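Student: One file: start_3.cif (mmCIF, C-alpha atoms and all ligand atoms).
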data_coords
loop_
_atom_site.label_atom_id
_atom_site.label_comp_id
_atom_site.auth_asym_id
_atom_site.auth_seq_id
_atom_site.Cartn_x
_atom_site.Cartn_y
_atom_site.Cartn_z
CA MET A 15 -18.93 -16.72 10.57
CA SER A 16 -17.50 -14.37 13.09
CA GLU A 17 -20.48 -12.24 14.07
CA GLY A 18 -21.11 -11.97 17.78
CA LEU A 19 -17.56 -12.85 18.85
CA SER A 20 -15.80 -10.82 21.49
CA PRO A 21 -12.52 -9.23 20.37
CA ARG A 22 -10.62 -11.86 22.34
CA GLN A 23 -12.47 -14.72 20.71
CA HIS A 24 -11.98 -13.01 17.39
CA GLN A 25 -8.26 -12.84 17.92
CA ARG A 26 -8.07 -16.52 18.76
CA ARG A 27 -9.90 -17.35 15.60
CA THR A 28 -7.81 -15.20 13.29
CA LYS A 29 -6.11 -17.62 11.00
CA ILE A 30 -2.93 -17.33 9.02
CA ALA A 31 -3.30 -19.83 6.19
CA PRO A 32 -0.69 -20.84 3.64
CA ALA A 33 -1.55 -19.32 0.27
CA ASP A 34 -2.10 -22.68 -1.40
CA ALA A 35 -5.19 -23.75 -3.35
CA GLU A 36 -7.09 -24.58 -0.17
CA GLY A 37 -6.18 -21.28 1.49
CA VAL A 38 -7.23 -19.30 -1.57
CA ARG A 39 -10.53 -21.18 -1.69
CA ALA A 40 -11.22 -20.49 1.98
CA ALA A 41 -10.34 -16.80 1.59
CA ALA A 42 -12.56 -16.43 -1.49
CA GLN A 43 -15.45 -17.99 0.40
CA MET A 44 -14.86 -15.67 3.34
CA LEU A 45 -14.87 -12.67 1.00
CA ARG A 46 -18.05 -13.72 -0.76
CA ARG A 47 -19.76 -13.92 2.63
CA GLY A 48 -18.78 -10.35 3.46
CA GLY A 49 -15.64 -11.16 5.47
CA LEU A 50 -12.18 -9.61 5.47
CA ALA A 51 -9.21 -11.51 4.07
CA ALA A 52 -5.66 -10.14 3.89
CA PHE A 53 -3.61 -11.30 0.92
CA PRO A 54 -0.19 -10.70 -0.61
CA THR A 55 0.29 -8.54 -3.67
CA GLU A 56 3.59 -7.79 -5.38
CA THR A 57 3.72 -4.43 -3.55
CA VAL A 58 2.40 -4.87 0.02
CA TYR A 59 -0.28 -6.99 1.73
CA GLY A 60 -3.84 -5.85 1.08
CA LEU A 61 -6.83 -5.99 3.41
CA GLY A 62 -9.51 -7.29 1.07
CA ALA A 63 -13.29 -7.14 1.04
CA ASP A 64 -15.91 -7.53 -1.67
CA ALA A 65 -15.81 -4.09 -3.30
CA THR A 66 -19.47 -4.35 -4.31
CA SER A 67 -20.70 -4.85 -0.73
CA GLU A 68 -21.20 -1.73 1.36
CA PRO A 69 -21.18 -3.56 4.75
CA ALA A 70 -18.05 -5.54 3.83
CA VAL A 71 -16.24 -2.38 2.75
CA GLU A 72 -17.30 -0.61 5.92
CA ARG A 73 -15.55 -3.34 7.89
CA ILE A 74 -12.28 -2.36 6.18
CA PHE A 75 -12.60 1.25 7.33
CA ALA A 76 -13.40 0.11 10.87
CA ALA A 77 -10.56 -2.44 11.00
CA LYS A 78 -7.93 0.07 9.87
CA ALA A 79 -9.44 3.05 11.68
CA ARG A 80 -9.31 4.68 8.26
CA PRO A 81 -11.13 7.98 7.66
CA ALA A 82 -14.26 7.33 5.58
CA ASN A 83 -13.23 10.05 3.09
CA ASN A 84 -10.18 8.07 1.95
CA PRO A 85 -11.20 5.94 -1.04
CA LEU A 86 -10.00 2.38 -1.63
CA ILE A 87 -8.40 0.78 -4.66
CA ALA A 88 -10.61 -1.80 -6.40
CA HIS A 89 -8.45 -4.75 -7.45
CA VAL A 90 -9.49 -6.66 -10.54
CA ALA A 91 -8.49 -9.92 -12.22
CA SER A 92 -8.29 -8.52 -15.75
CA LEU A 93 -8.35 -5.40 -17.89
CA ASP A 94 -11.86 -6.36 -19.01
CA ALA A 95 -13.03 -6.39 -15.41
CA ALA A 96 -11.53 -2.92 -14.94
CA LEU A 97 -13.29 -1.58 -18.03
CA GLU A 98 -16.63 -2.55 -16.47
CA GLN A 99 -15.91 -0.26 -13.50
CA GLY A 100 -14.14 2.75 -14.99
CA VAL A 101 -14.10 4.93 -18.09
CA PHE A 102 -10.61 4.75 -19.56
CA THR A 103 -9.08 7.44 -21.74
CA GLU A 104 -6.65 6.35 -24.41
CA GLY A 105 -3.69 7.12 -22.16
CA ALA A 106 -5.12 5.15 -19.24
CA LEU A 107 -5.73 2.21 -21.55
CA GLU A 108 -2.19 2.34 -22.87
CA LEU A 109 -0.78 2.28 -19.36
CA ALA A 110 -3.01 -0.60 -18.31
CA LYS A 111 -1.98 -2.62 -21.34
CA ARG A 112 1.68 -1.95 -20.75
CA PHE A 113 1.91 -2.33 -16.96
CA TRP A 114 -0.91 -4.65 -15.85
CA PRO A 115 -0.70 -6.90 -14.07
CA GLY A 116 1.64 -4.71 -12.03
CA PRO A 117 2.16 -2.00 -9.40
CA LEU A 118 0.10 0.69 -11.14
CA THR A 119 -3.25 2.13 -10.02
CA LEU A 120 -5.37 4.17 -12.42
CA VAL A 121 -7.88 6.73 -11.15
CA VAL A 122 -10.59 7.25 -13.78
CA PRO A 123 -14.26 8.33 -13.83
CA PHE A 124 -16.60 5.71 -12.41
CA ALA A 125 -18.47 3.86 -15.19
CA PRO A 126 -22.24 4.31 -15.26
CA GLY A 127 -23.89 1.31 -13.62
CA ALA A 128 -20.58 -0.11 -12.31
CA ALA A 129 -20.72 -2.48 -9.35
CA VAL A 130 -18.12 -1.09 -6.92
CA CYS A 131 -20.02 0.47 -4.02
CA GLU A 132 -20.01 4.11 -3.00
CA ALA A 133 -18.30 3.48 0.34
CA ALA A 134 -15.27 1.99 -1.44
CA ARG A 135 -15.05 5.14 -3.57
CA ALA A 136 -15.65 7.38 -0.57
CA GLY A 137 -18.51 8.93 -2.49
CA LEU A 138 -16.27 10.22 -5.30
CA SER A 139 -17.22 10.15 -8.96
CA THR A 140 -13.90 8.47 -9.72
CA ILE A 141 -12.58 4.99 -9.05
CA ALA A 142 -9.07 3.67 -8.48
CA LEU A 143 -8.39 0.38 -10.28
CA ARG A 144 -5.47 -2.00 -10.26
CA MET A 145 -4.67 -5.49 -11.51
CA PRO A 146 -1.95 -6.82 -9.21
CA ALA A 147 0.96 -8.99 -10.40
CA HIS A 148 0.98 -11.62 -7.71
CA PRO A 149 -0.16 -15.18 -8.38
CA VAL A 150 -1.98 -15.40 -5.03
CA ALA A 151 -3.80 -12.09 -5.51
CA LEU A 152 -4.82 -13.07 -9.04
CA ALA A 153 -5.98 -16.53 -7.95
CA LEU A 154 -8.01 -14.96 -5.16
CA LEU A 155 -9.59 -12.38 -7.47
CA SER A 156 -10.60 -15.13 -9.89
CA ALA A 157 -11.97 -17.36 -7.16
CA ALA A 158 -13.89 -14.52 -5.46
CA ALA A 159 -15.24 -13.46 -8.87
CA THR A 160 -15.75 -9.88 -7.70
CA PRO A 161 -13.55 -6.77 -7.55
CA LEU A 162 -11.79 -6.59 -4.18
CA ALA A 163 -11.40 -3.33 -2.31
CA ALA A 164 -8.01 -3.57 -0.64
CA PRO A 165 -5.99 -0.89 1.10
CA SER A 166 -2.63 -1.79 2.57
CA ALA A 167 -3.27 -4.11 5.53
CA ASN A 168 -1.86 -1.86 8.25
CA ARG A 169 -3.51 0.38 10.79
CA SER A 170 -4.23 3.73 9.17
CA GLY A 171 -1.03 5.82 9.18
CA HIS A 172 1.29 2.99 10.22
CA VAL A 173 4.06 1.34 8.18
CA SER A 174 2.70 -0.84 5.33
CA PRO A 175 2.97 -4.63 5.78
CA VAL A 176 5.14 -6.83 3.56
CA THR A 177 4.69 -10.11 5.46
CA ALA A 178 1.69 -11.97 6.88
CA GLU A 179 3.17 -11.47 10.33
CA HIS A 180 3.15 -7.68 9.89
CA VAL A 181 -0.56 -7.91 9.08
CA ALA A 182 -1.25 -10.09 12.09
CA ARG A 183 0.53 -7.62 14.36
CA ASP A 184 -1.40 -4.60 13.11
CA LEU A 185 -4.81 -6.10 12.43
CA GLY A 186 -4.80 -9.68 13.70
CA SER A 187 -7.97 -9.36 15.69
CA GLU A 188 -9.88 -7.63 12.89
CA VAL A 189 -9.19 -9.94 9.95
CA ASP A 190 -11.01 -13.21 9.33
CA LEU A 191 -8.16 -14.81 7.40
CA ILE A 192 -4.61 -13.88 6.42
CA LEU A 193 -3.16 -15.64 3.39
CA ASP A 194 0.57 -16.08 3.88
CA GLY A 195 2.32 -15.80 0.53
CA GLY A 196 5.74 -14.84 1.91
CA ARG A 197 7.40 -11.47 1.55
CA CYS A 198 6.11 -8.99 -1.06
CA PRO A 199 8.77 -8.56 -3.76
CA VAL A 200 8.32 -4.88 -4.75
CA GLY A 201 7.94 -3.54 -1.22
CA VAL A 202 6.44 -0.09 -1.94
CA GLU A 203 2.85 0.48 -3.01
CA SER A 204 1.59 0.96 -6.52
CA THR A 205 2.08 4.20 -8.45
CA VAL A 206 -1.25 6.07 -8.56
CA ILE A 207 -2.01 8.04 -11.74
CA GLU A 208 -5.16 10.11 -12.13
CA PHE A 209 -6.76 10.51 -15.56
CA LEU A 210 -9.05 13.51 -15.30
CA GLY A 211 -7.70 16.00 -17.76
CA ARG A 212 -3.92 15.77 -18.01
CA PRO A 213 -2.44 12.66 -16.38
CA ARG A 214 -1.30 13.43 -12.86
CA LEU A 215 0.95 11.50 -10.49
CA LEU A 216 -0.92 11.16 -7.18
CA ARG A 217 1.52 8.76 -5.53
CA PRO A 218 4.95 7.62 -6.69
CA GLY A 219 5.31 3.85 -6.40
CA GLY A 220 6.53 0.61 -7.91
CA ILE A 221 6.47 1.83 -11.53
CA THR A 222 8.69 4.85 -12.04
CA ARG A 223 7.62 8.22 -13.38
CA ARG A 224 10.02 7.82 -16.28
CA GLU A 225 8.56 4.44 -17.33
CA ILE A 226 5.07 5.96 -17.37
CA GLU A 227 6.08 9.13 -19.20
CA ALA A 228 7.84 7.01 -21.83
CA VAL A 229 4.58 5.20 -22.62
CA LEU A 230 2.40 8.33 -22.52
CA GLY A 231 4.82 10.46 -24.49
CA GLU A 232 4.18 13.38 -22.14
CA ARG A 233 5.21 14.64 -18.73
CA LEU A 234 3.08 13.80 -15.70
CA HIS A 235 1.60 16.58 -13.63
CA GLU A 236 3.06 16.78 -10.16
CA GLU A 237 1.64 14.76 -7.28
CA ALA A 238 -1.11 16.41 -5.27
CA GLY A 239 0.46 18.70 -2.72
CA GLU A 240 -1.21 19.87 0.43
CA GLY A 241 -4.39 21.90 0.47
CA PRO A 242 -7.62 20.58 -1.01
CA GLN A 243 -6.65 17.01 -1.61
CA ARG A 244 -7.28 15.10 -4.77
CA SER A 245 -6.04 11.91 -3.13
CA PRO A 246 -7.29 11.96 0.42
CA GLY A 247 -4.90 9.18 1.45
CA LEU A 248 -1.89 11.37 0.91
CA GLN A 249 -1.74 12.93 4.35
CA LYS A 250 1.58 14.40 5.18
CA SER A 251 2.20 12.01 8.08
CA HIS A 252 1.90 8.37 7.04
CA TYR A 253 3.93 5.16 7.03
CA ALA A 254 5.04 6.17 10.50
CA PRO A 255 6.93 3.97 12.94
CA ARG A 256 6.94 4.82 16.66
CA ALA A 257 10.46 6.20 16.61
CA ARG A 258 11.23 9.58 15.15
CA LEU A 259 13.11 9.59 11.85
CA ARG A 260 16.11 11.80 11.07
CA LEU A 261 16.47 11.99 7.31
CA GLU A 262 19.57 12.64 5.17
CA ALA A 263 21.75 11.59 8.10
CA GLN A 264 25.48 11.56 7.41
CA ASP A 265 26.39 9.68 10.56
CA LEU A 266 24.89 7.88 13.52
CA ARG A 267 24.40 9.60 16.89
CA ALA A 268 24.40 7.91 20.29
CA GLY A 269 21.20 5.96 20.95
CA GLU A 270 20.06 6.06 17.33
CA ALA A 271 19.27 3.10 15.12
CA GLY A 272 20.39 3.43 11.51
CA LEU A 273 18.55 2.79 8.27
CA ASP A 274 21.49 2.78 5.92
CA PHE A 275 21.87 2.88 2.16
CA GLY A 276 25.09 1.81 0.45
CA GLY A 277 27.20 1.64 3.60
CA ALA A 278 27.07 5.34 4.55
CA PHE A 279 27.15 4.51 8.28
CA GLU A 280 29.86 2.67 10.16
CA GLY A 281 27.62 -0.31 10.79
CA GLY A 282 26.83 -1.94 14.11
CA GLU A 283 24.02 -3.92 15.71
CA ASN A 284 21.33 -1.35 15.25
CA VAL A 285 22.05 -0.59 11.62
CA LEU A 286 20.27 -2.21 8.68
CA ASP A 287 21.41 -1.41 5.14
CA LEU A 288 18.58 -1.11 2.60
CA SER A 289 21.03 -2.00 -0.15
CA PRO A 290 24.77 -2.30 0.42
CA SER A 291 25.23 -2.28 -3.39
CA ARG A 292 23.06 0.87 -3.80
CA ASN A 293 20.38 -0.97 -5.74
CA LEU A 294 17.08 0.95 -5.48
CA LYS A 295 14.94 -2.10 -6.27
CA GLU A 296 16.51 -3.95 -3.37
CA ALA A 297 16.12 -0.88 -1.14
CA ALA A 298 12.40 -0.60 -1.95
CA ALA A 299 11.87 -4.28 -1.20
CA ASN A 300 13.54 -3.88 2.21
CA LEU A 301 12.15 -0.46 3.19
CA PHE A 302 9.04 -1.26 5.25
CA ALA A 303 10.38 -4.50 6.74
CA TYR A 304 13.53 -2.74 7.95
CA MET A 305 11.56 0.24 9.29
CA ARG A 306 9.43 -2.15 11.33
CA GLU A 307 12.43 -4.18 12.44
CA LEU A 308 14.39 -1.16 13.69
CA ASP A 309 11.31 0.31 15.33
CA ALA A 310 10.77 -2.91 17.29
CA ARG A 311 14.13 -2.27 18.98
CA ALA A 312 12.62 0.92 20.44
CA PRO A 313 15.39 3.40 19.57
CA SER A 314 14.94 7.07 20.39
CA CYS A 315 15.37 7.90 16.75
CA ILE A 316 16.10 6.20 13.44
CA ALA A 317 18.77 7.96 11.38
CA VAL A 318 18.21 7.44 7.65
CA ALA A 319 21.06 7.72 5.14
CA PRO A 320 20.40 9.68 1.94
CA VAL A 321 18.75 7.66 -0.82
CA PRO A 322 19.03 8.88 -4.44
CA ARG A 323 15.82 10.41 -5.79
CA GLU A 324 15.78 8.99 -9.29
CA GLY A 325 13.77 5.94 -10.40
CA LEU A 326 12.31 4.00 -7.49
CA GLY A 327 14.12 6.45 -5.22
CA GLU A 328 11.19 8.86 -5.72
CA ALA A 329 8.77 6.42 -4.05
CA ILE A 330 11.28 5.50 -1.34
CA ASN A 331 11.93 9.16 -0.47
CA ASP A 332 8.19 9.89 -0.52
CA ARG A 333 7.56 7.16 2.09
CA LEU A 334 10.52 8.31 4.20
CA ARG A 335 9.36 11.93 4.13
CA ARG A 336 5.86 10.98 5.26
CA ALA A 337 7.23 8.64 7.93
CA ALA A 338 9.34 11.51 9.27
CA ALA A 339 6.57 14.13 9.18
CA PRO A 340 5.31 15.53 12.49
CA ARG A 341 2.34 13.53 13.77
CA PRO A 342 -0.76 14.80 15.49
CA HIS A 343 -0.19 12.31 18.34
CA ASN A 344 1.51 9.01 18.93
CA ARG A 345 -0.89 6.64 17.29
CA PHE A 346 0.98 3.41 17.83
CA PRO A 347 1.72 3.05 21.51
O1 LIG A 401 0.11 -1.24 -3.89
C1 LIG A 401 -0.97 -0.81 -3.52
O2 LIG A 401 -1.57 0.10 -4.11
C2 LIG A 401 -1.60 -1.45 -2.26
C3 LIG A 401 -1.91 -2.91 -2.58
C4 LIG A 401 -2.63 -3.61 -1.45
O3 LIG A 401 -2.64 -2.99 -3.76
N1 LIG A 401 -2.77 -0.73 -1.86
C5 LIG A 401 -2.70 0.50 -1.30
O4 LIG A 401 -3.94 1.00 -0.91
O5 LIG A 401 -1.66 1.09 -1.15
P1 LIG A 401 -4.06 2.28 0.06
O6 LIG A 401 -5.51 2.36 0.35
O7 LIG A 401 -3.14 2.12 1.20
O8 LIG A 401 -3.65 3.47 -0.85
C6 LIG A 401 -4.49 3.85 -1.94
C7 LIG A 401 -4.26 5.27 -2.32
C8 LIG A 401 -4.70 6.22 -1.23
O9 LIG A 401 -3.76 7.29 -1.17
C9 LIG A 401 -6.05 6.72 -1.71
O10 LIG A 401 -6.39 7.99 -1.22
C10 LIG A 401 -5.84 6.73 -3.21
O11 LIG A 401 -5.05 5.57 -3.47
N2 LIG A 401 -7.10 6.64 -3.95
C11 LIG A 401 -7.99 5.62 -3.98
N3 LIG A 401 -9.07 5.94 -4.72
C12 LIG A 401 -8.87 7.17 -5.19
C13 LIG A 401 -9.62 8.07 -6.02
N4 LIG A 401 -10.81 7.74 -6.50
N5 LIG A 401 -9.09 9.29 -6.28
C14 LIG A 401 -7.89 9.64 -5.79
N6 LIG A 401 -7.13 8.85 -5.00
C15 LIG A 401 -7.61 7.64 -4.71
MG MG A 402 -1.77 2.46 2.71
#
What do you get writing this file as structure tokens?
Tutor:
Amino acid sequence: MSEGLSPRQHQRRTKIAPADAEGVRAAAQMLRRGGLAAFPTETVYGLGADATSEPAVERIFAAKARPANNPLIAHVASLDAALEQGVFTEGALELAKRFWPGPLTLVVPFAPGAAVCEAARAGLSTIALRMPAHPVALALLSAAATPLAAPSANRSGHVSPVTAEHVARDLGSEVDLILDGGRCPVGVESTVIEFLGRPRLLRPGGITRREIEAVLGERLHEEAGEGPQRSPGLQKSHYAPRARLRLEAQDLRAGEAGLDFGGAFEGGENVLDLSPSRNLKEAAANLFAYMRELDARAPSCIAVAPVPREGLGEAINDRLRRAAAPRPHNRFP
């Protein structure tokens, strides 16, 4: 185990393991002993810990420098496992049956006697639950045989990771093991829906508003705005690269890098097109990787072409808006 290691020693011992049977076994063992293991999901990489262990969960908050009032999603291997932790209304159950495993997180009242610890829930009376649709995540959940608390495996406020290398760059010295399962296919985080009273969209994500409303047969309440926050993770500034972002850009200015959509810019070395064919699924899958890639070139500013707002465009525009929001200070020198 890693107790008593200096940060430097820790870094040397951080392992990226292929997400094969042996890697999954090693990660599950690490998690059962209270360690931190990063793993791929269909949306982004998660930084996992045993959700029932207060000390393990506290390591997540420390590793990410995440405010303790921002609750974590508990990942589960099955709907049955979720029903042990949360009280599902009929609507929540319908959504789980239709979209799990998949990029959907349900916030419901915490079940009496449930095992997920208070630190993971940030002391709330609710719990966020999700069954991910990634073979590695599901294998790990089964092998660990416990719900896994797992936020995105980036430093708090930074761009979410979609490769093992992104995780290593942000958190390499803090994680005991990173399972490398390649690039995450969806590329934006799960949609978060709260079921306390009328269903409310807390965070747009990999399942679209329209798909959810079609199953529920009713409109979703709007996402939490500013003010007293129902979802403490939804700070205005988030997903932020080092460079400033200029949204809805029609052209590229001198010194800018370009995050294009559908060939709006002229092209050039410092331009990456999220989807030349204007496919929103492809754009979502490329979003965070391209933001990181352009940022690594240290431009003064990243100009972002307009992206349509319908379908997955709602989640993409949400992430872009937060990435462009003014920041309290430069957190990622
Ligand atoms: O796709 C995803 O959801 C990824 C992968 C790893 O599963 N996870 C993820 O976790 O995005 P995180 O911690 O980066 O975002 C979780 C969001 C935060 O905005 C948090 O505030 C909110 O869910 N959340 C968690 N528990 C909540 C609760 N009880 N009530 C309201 N919001 C909650
Ligand atoms: Mg996150």
Student: Taking all atoms listed in the file into account, which residues have an atom no farther than 8 Å from ligand LIG 401 (chain A)? I'd like them as a ChimeraX atom specification.
Tutor: /A:54-61,84-87,89,117-119,121-122,135-136,138-144,146,164-167,174,202-206,208,216-217,219-220,244-248
Student: For a test of reading the model, state the distance in Å between atom CA of A:Ala182 and atom CA of A:Leu120, rounded to one decimal.
Tutor: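 Computing the Euclidean distance for atom CA of A:Ala182 and atom CA of A:Leu120 yields 28.7 Å.
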Student: Work out how far apart atom CA of A:Asn168 and atom CA of A:Asp184 are and give it in Å to one decimal.
Tutor: 5.6 Å
Student: Work out how far apart atom CA of A:Asp265 and atom CA of A:Glu324 are and give it in Å to one decimal.
Tutor: 22.5 Å
Student: Which one of A:Ala254, A:Ile316, A:Val200, A:Met305 sits closest to ligand MG 402 (chain A) if you count all atoms listed in the file?
Tutor: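 Among A:Ala254, A:Ile316, A:Val200, A:Met305, it is A:Ala254 that comes nearest to ligand MG 402 (chain A).
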Student: Under the rule that all atoms listed in the file are counted, which of A:Arg306, A:Lys295, A:Arg233, A:Arg333 is the nearest residue to ligand MG 402 (chain A)?
Tutor: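 Nearest candidate to ligand MG 402 (chain A) out of A:Arg306, A:Lys295, A:Arg233, A:Arg333: A:Arg333.
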Student: Quick one: residues within 12 Å of A:Glu104, all atoms listed in the file, excluding same-chain residues fewer than 3 positions away - as a VMD selection string?
Tutor: chain A and resid 101 107 to 111 122 209 to 213 229 to 230
Student: Compare A:Pro290, A:Pro313, A:Gly196, A:Pro175 by their minimum atom-to-atom distance to A:Glu270, counting all atoms listed in the file, and give me the closest one.
Tutor: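 Closest candidate: A:Pro313.
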Student: Name the closest residue to A:Pro322 among the candidates A:Glu179, A:Glu262, A:Glu236, A:Glu98; distances are taken between atoms, counting only C-alpha atoms.
Tutor: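 Looking at the shortest contact to A:Pro322, the residue is A:Glu262.
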Student: For the point (4.2, 11.7, 4.3) in the file's frame, write as a count of residues only all residues with an atom no more than 6 Å away, counting only C-alpha atoms.
Tutor: 7
Student: Show which residues sit within 12 Å of A:Glu232, as a list in words. Count all atoms listed in the file, and ignore same-chain residues fewer than 6 positions away.
Tutor: Gly105, Arg212, Pro213, Arg214, Arg223, Arg224, Glu225 and Ile226 of chain A
Student: For A:Tyr304, work out the shell of residues within 9 Å, counting all atoms listed in the file and skipping chain neighbours fewer than 5 positions away, then give it as a list in words.
Tutor: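 Listed by chain and then number, they are Leu273, Leu286, Asp287, Leu288 and Asp309 of chain A.
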Student: Starting from the block above, write stretch 152-165 of chain A out to a file with C-alpha atoms, as a compact mmCIF listing (two decimals), in the first residue's frame, please.
Tutor:
# COMPACT_ATOMS: atom_id res chain seq x y z
CA LEU A 152 -18.98 -2.69 -15.16
CA ALA A 153 -16.30 -5.36 -14.70
CA LEU A 154 -14.63 -3.23 -12.04
CA LEU A 155 -17.91 -2.59 -10.20
CA SER A 156 -18.64 -6.32 -10.15
CA ALA A 157 -15.15 -7.23 -9.01
CA ALA A 158 -15.06 -4.54 -6.30
CA ALA A 159 -18.53 -5.64 -5.17
CA THR A 160 -19.29 -2.21 -3.70
CA PRO A 161 -20.71 1.04 -5.10
CA LEU A 162 -17.90 3.27 -6.35
CA ALA A 163 -17.88 6.99 -5.74
CA ALA A 164 -16.34 8.48 -8.88
CA PRO A 165 -16.18 12.08 -10.00
